[in-house]
Amino acid sequence: TAVFAMDTTVYYTLTVTQVGQGSVDPGPGTHSYAENTSVPVSATDVTGWKFNRFEGALTGTTTPQYVLMDSNKSVTAFFLEQFELSTSVIGMGDIGIAPDQAEYNSGALVTLTAQPDTGHHFHEWSGDLTGYTNPELLLMDSDKQVAATFVEPFTLTLSPANQITAVPTGPQYVPHTVVTLTANPGMGEVFSHWVAAGETID
């Protein structure tokens with residue numbers, strides 16, 4: 001008499017999902033494993049993308065990790081796009097970068113600090129960062145190029161010098177100094193208009 005044993009093994013499914021570009025093993029999809037099987041799950045970077053984290057039955061950034069199949073499980077692997085930052089200077093100075101990395105995850109914030117050499121002053125940012133706030137934050141949502149311009153102090157020439165008051169007193173000013181000019185007409189004179197002047201020296 002033939003005796004047939006019935007397979008009583010219980011199977012559970014592991015559903016793997018991937019967000020972004022990279023390599024996940026097991027690959028995206030639904031996989032079946034016997035109960036209490038310990039399944040290794042790994043995530044591997046590809047050019048331009050970096051593994052960021054697991055969510056679901058696995059968490060954190062460690063790879064590989066193991067999933068114990070004691071129920072149906074799901075795991076999502078997240079990859080973030082990577083971007084490069086290139087900087088340059090015009091004039092005499094340098095740019096401090098924090099954090100200073102070869103590549104940055106999409107959405108990372110980078111602090112740029114203009115560092116002028118002695119006798120020079122930071123003037124402005126250009127490229128993918130504009131203005132003259134220093135230090136300044138840069139959002140890495142694409143490859144970025146940023147330049148910092150450094151200059152020597154600007155000179156303000158007043159004519160006639162004895163009939164114009166400048167506050168603060170010059171004649172040299174750092175970039176973006178706001179200077180208030182007051183005309184002082186002489187005896188029998190009336191102020192008419194400025195020929196060439198401005199309140200902001202830039």
# chains A, B, ... in the order shown; residues from 1 in each chain; ligands from 1
$ residues_around --residues "range 57-63 of chain A" --least-positions-apart "6" --cutoff "9 Å" --atoms "only C-alpha atoms" --output "ChimeraX atom specification"
/A:40-44,51,73-76
$ residues_around --residues "range 84-99 of chain A" --least-positions-apart "6" --cutoff "7 Å" --atoms "only C-alpha atoms" --output "MDAnalysis selection string"
chainID A and resid 110:117 120 143:151
$ write_last_selection --atoms "C-alpha atoms" --output "mmCIF file, in the first residue's frame"
data_model
loop_
_atom_site.group_PDB
_atom_site.id
_atom_site.type_symbol
_atom_site.label_atom_id
_atom_site.label_comp_id
_atom_site.auth_asym_id
_atom_site.auth_seq_id
_atom_site.Cartn_x
_atom_site.Cartn_y
_atom_site.Cartn_z
ATOM 1 C CA VAL A 110 24.590 73.107 1.579
ATOM 2 C CA THR A 111 25.999 76.136 3.413
ATOM 3 C CA LEU A 112 28.276 78.311 1.269
ATOM 4 C CA THR A 113 30.495 80.873 3.004
ATOM 5 C CA ALA A 114 32.429 83.503 1.048
ATOM 6 C CA GLN A 115 35.889 83.981 2.570
ATOM 7 C CA PRO A 116 37.674 87.080 1.189
ATOM 8 C CA ASP A 117 41.445 87.448 1.301
ATOM 9 C CA HIS A 120 39.234 92.320 -0.203
ATOM 10 C CA ASP A 143 23.680 69.964 -10.525
ATOM 11 C CA LYS A 144 24.717 73.443 -9.383
ATOM 12 C CA GLN A 145 27.431 75.939 -10.314
ATOM 13 C CA VAL A 146 28.127 78.883 -8.000
ATOM 14 C CA ALA A 147 30.676 81.705 -8.223
ATOM 15 C CA ALA A 148 31.665 84.230 -5.557
ATOM 16 C CA THR A 149 33.000 87.651 -6.552
ATOM 17 C CA PHE A 150 35.500 89.435 -4.310
ATOM 18 C CA VAL A 151 36.553 93.072 -4.747
#
$ select_by_dssp --residues "range 42-173 of chain A" --states "strand (DSSP E)" --output "ChimeraX atom specification"
/A:42-44,49-56,65-68,73-83,85-90,93-98,104-105,108-116,121-127,136-140,144-151,154-155,164-167,172-173
$ closest_residue --among "A:Thr13, A:Thr157, A:Gln21, A:Asn36" --to "Thr169 in chain A" --atoms "only C-alpha atoms"
A:Thr157
$ residues_around --residues "range 187-192 of chain A" --least-positions-apart "5" --cutoff "12 Å" --atoms "only C-alpha atoms" --output "list in words"
Gln163, Ile164 and Thr182 of chain A
$ residues_around --residues "Phe154 in chain A" --least-positions-apart "4" --cutoff "7 Å" --atoms "only C-alpha atoms" --output "list in words"
Gln172, Tyr173, Val174 and Pro175 of chain A
$ write_last_selection --atoms "C-alpha atoms" --output "JSON list (two decimals), in the first residue's frame"
[["chain", "number", "residue", "atom", "x", "y", "z"],
["A", 172, "GLN", "CA", 36.19, 103.92, 0.67],
["A", 173, "TYR", "CA", 33.32, 101.52, 1.34],
["A", 174, "VAL", "CA", 32.78, 97.79, 1.45],
["A", 175, "PRO", "CA", 30.32, 96.47, -1.17]]
$ residues_around --residues "Ser106 in chain A" --least-positions-apart "4" --cutoff "8 Å" --atoms "only C-alpha atoms" --output "mmCIF file with N, CA and C atoms, in the first residue's frame"
data_model
loop_
_atom_site.group_PDB
_atom_site.id
_atom_site.type_symbol
_atom_site.label_atom_id
_atom_site.label_comp_id
_atom_site.auth_asym_id
_atom_site.auth_seq_id
_atom_site.Cartn_x
_atom_site.Cartn_y
_atom_site.Cartn_z
ATOM 1 N N LEU A 80 17.891 57.980 -3.684
ATOM 2 C CA LEU A 80 17.821 59.413 -3.973
ATOM 3 C C LEU A 80 18.812 59.771 -5.065
ATOM 4 N N GLU A 81 18.361 60.665 -5.954
ATOM 5 C CA GLU A 81 19.241 61.131 -7.011
ATOM 6 C C GLU A 81 20.383 61.941 -6.411
ATOM 7 N N GLN A 82 21.555 61.851 -7.024
ATOM 8 C CA GLN A 82 22.744 62.546 -6.547
ATOM 9 C C GLN A 82 23.103 63.699 -7.487
ATOM 10 N N PHE A 83 23.508 64.832 -6.898
ATOM 11 C CA PHE A 83 23.872 66.004 -7.699
ATOM 12 C C PHE A 83 25.252 66.504 -7.298
ATOM 13 N N MET A 140 20.152 71.553 -3.102
ATOM 14 C CA MET A 140 20.673 70.694 -4.160
ATOM 15 C C MET A 140 19.533 69.889 -4.782
ATOM 16 N N ASP A 141 18.857 70.504 -5.754
ATOM 17 C CA ASP A 141 17.799 69.812 -6.479
ATOM 18 C C ASP A 141 18.179 69.593 -7.945
ATOM 19 N N SER A 142 19.431 69.884 -8.288
ATOM 20 C CA SER A 142 20.008 69.644 -9.612
ATOM 21 C C SER A 142 21.509 69.874 -9.480
#
